[in-house]
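First comes the structure, then the notes that go with it.
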Amino acid sequence: ACNEFTTHVMNLLREQSRTRPISPKEIERMVSIIHRKFSSIQMQLKQSTCEAVMILRSRFLDA
């Protein structure tokens, strides 16, 4: 999902570069931001999943 979204954003930036100048540095910065946000989401998802599994485990072990 991250790679697909990054590709999509890069295509949008390429289209915009026809209207205004976009430096390679700006593109790198945008890609970096996307990767950071996806990593953060991935970490939150893992944490939520782990918490849910632990809750289910405790319920079944207590039953």
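Just so we're on the same page: first chain in the structure tokens is A, next is B, and so on; residues restart at 1 for each chain, and ligands are numbered from 1 in the order they show up.
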Self-check item: Distance query Thr6 (chain A) at most 12 Å, only C-alpha atoms, self and fewer than 5 positions along chain excluded, as a list in words
Solution: Ala1, Asn11, Leu12, Leu13, Ile27, Glu28, Arg29, Met30, Val31, Ser32, Ile33, Ile34, His35, Arg36, Lys37 and Phe38 of chain A
Store the residues picked out above, limited to C-alpha atoms, as a CSV table (one decimal), in the first residue's frame.
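And here is the file that came out, again-v3.csv:
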```
chain,number,residue,atom,x,y,z
A,1,ALA,CA,0.0,0.0,0.0
A,11,ASN,CA,2.9,10.9,-10.4
A,12,LEU,CA,0.9,13.8,-9.0
A,13,LEU,CA,4.1,15.8,-8.3
A,27,ILE,CA,10.0,15.0,-3.9
A,28,GLU,CA,12.4,13.2,-1.6
A,29,ARG,CA,11.0,15.1,1.4
A,30,MET,CA,7.4,14.2,0.4
A,31,VAL,CA,8.4,10.5,0.0
A,32,SER,CA,10.1,10.6,3.4
A,33,ILE,CA,7.0,12.0,5.0
A,34,ILE,CA,4.8,9.3,3.4
A,35,HIS,CA,7.1,6.5,4.6
A,36,ARG,CA,7.2,8.0,8.1
A,37,LYS,CA,3.4,8.2,8.3
A,38,PHE,CA,2.9,4.7,6.9
```
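Interatomic distance, CA of Cys2 (chain A) against CA of Arg14 (chain A): 18.2 Å.
The interatomic distance for the pair CA of Val53 (chain A) and CA of Asn3 (chain A) works out to 28.3 Å.
Taking CA of Lys25 (chain A) and CA of Met10 (chain A) as the two end points, the separation is 12.4 Å.
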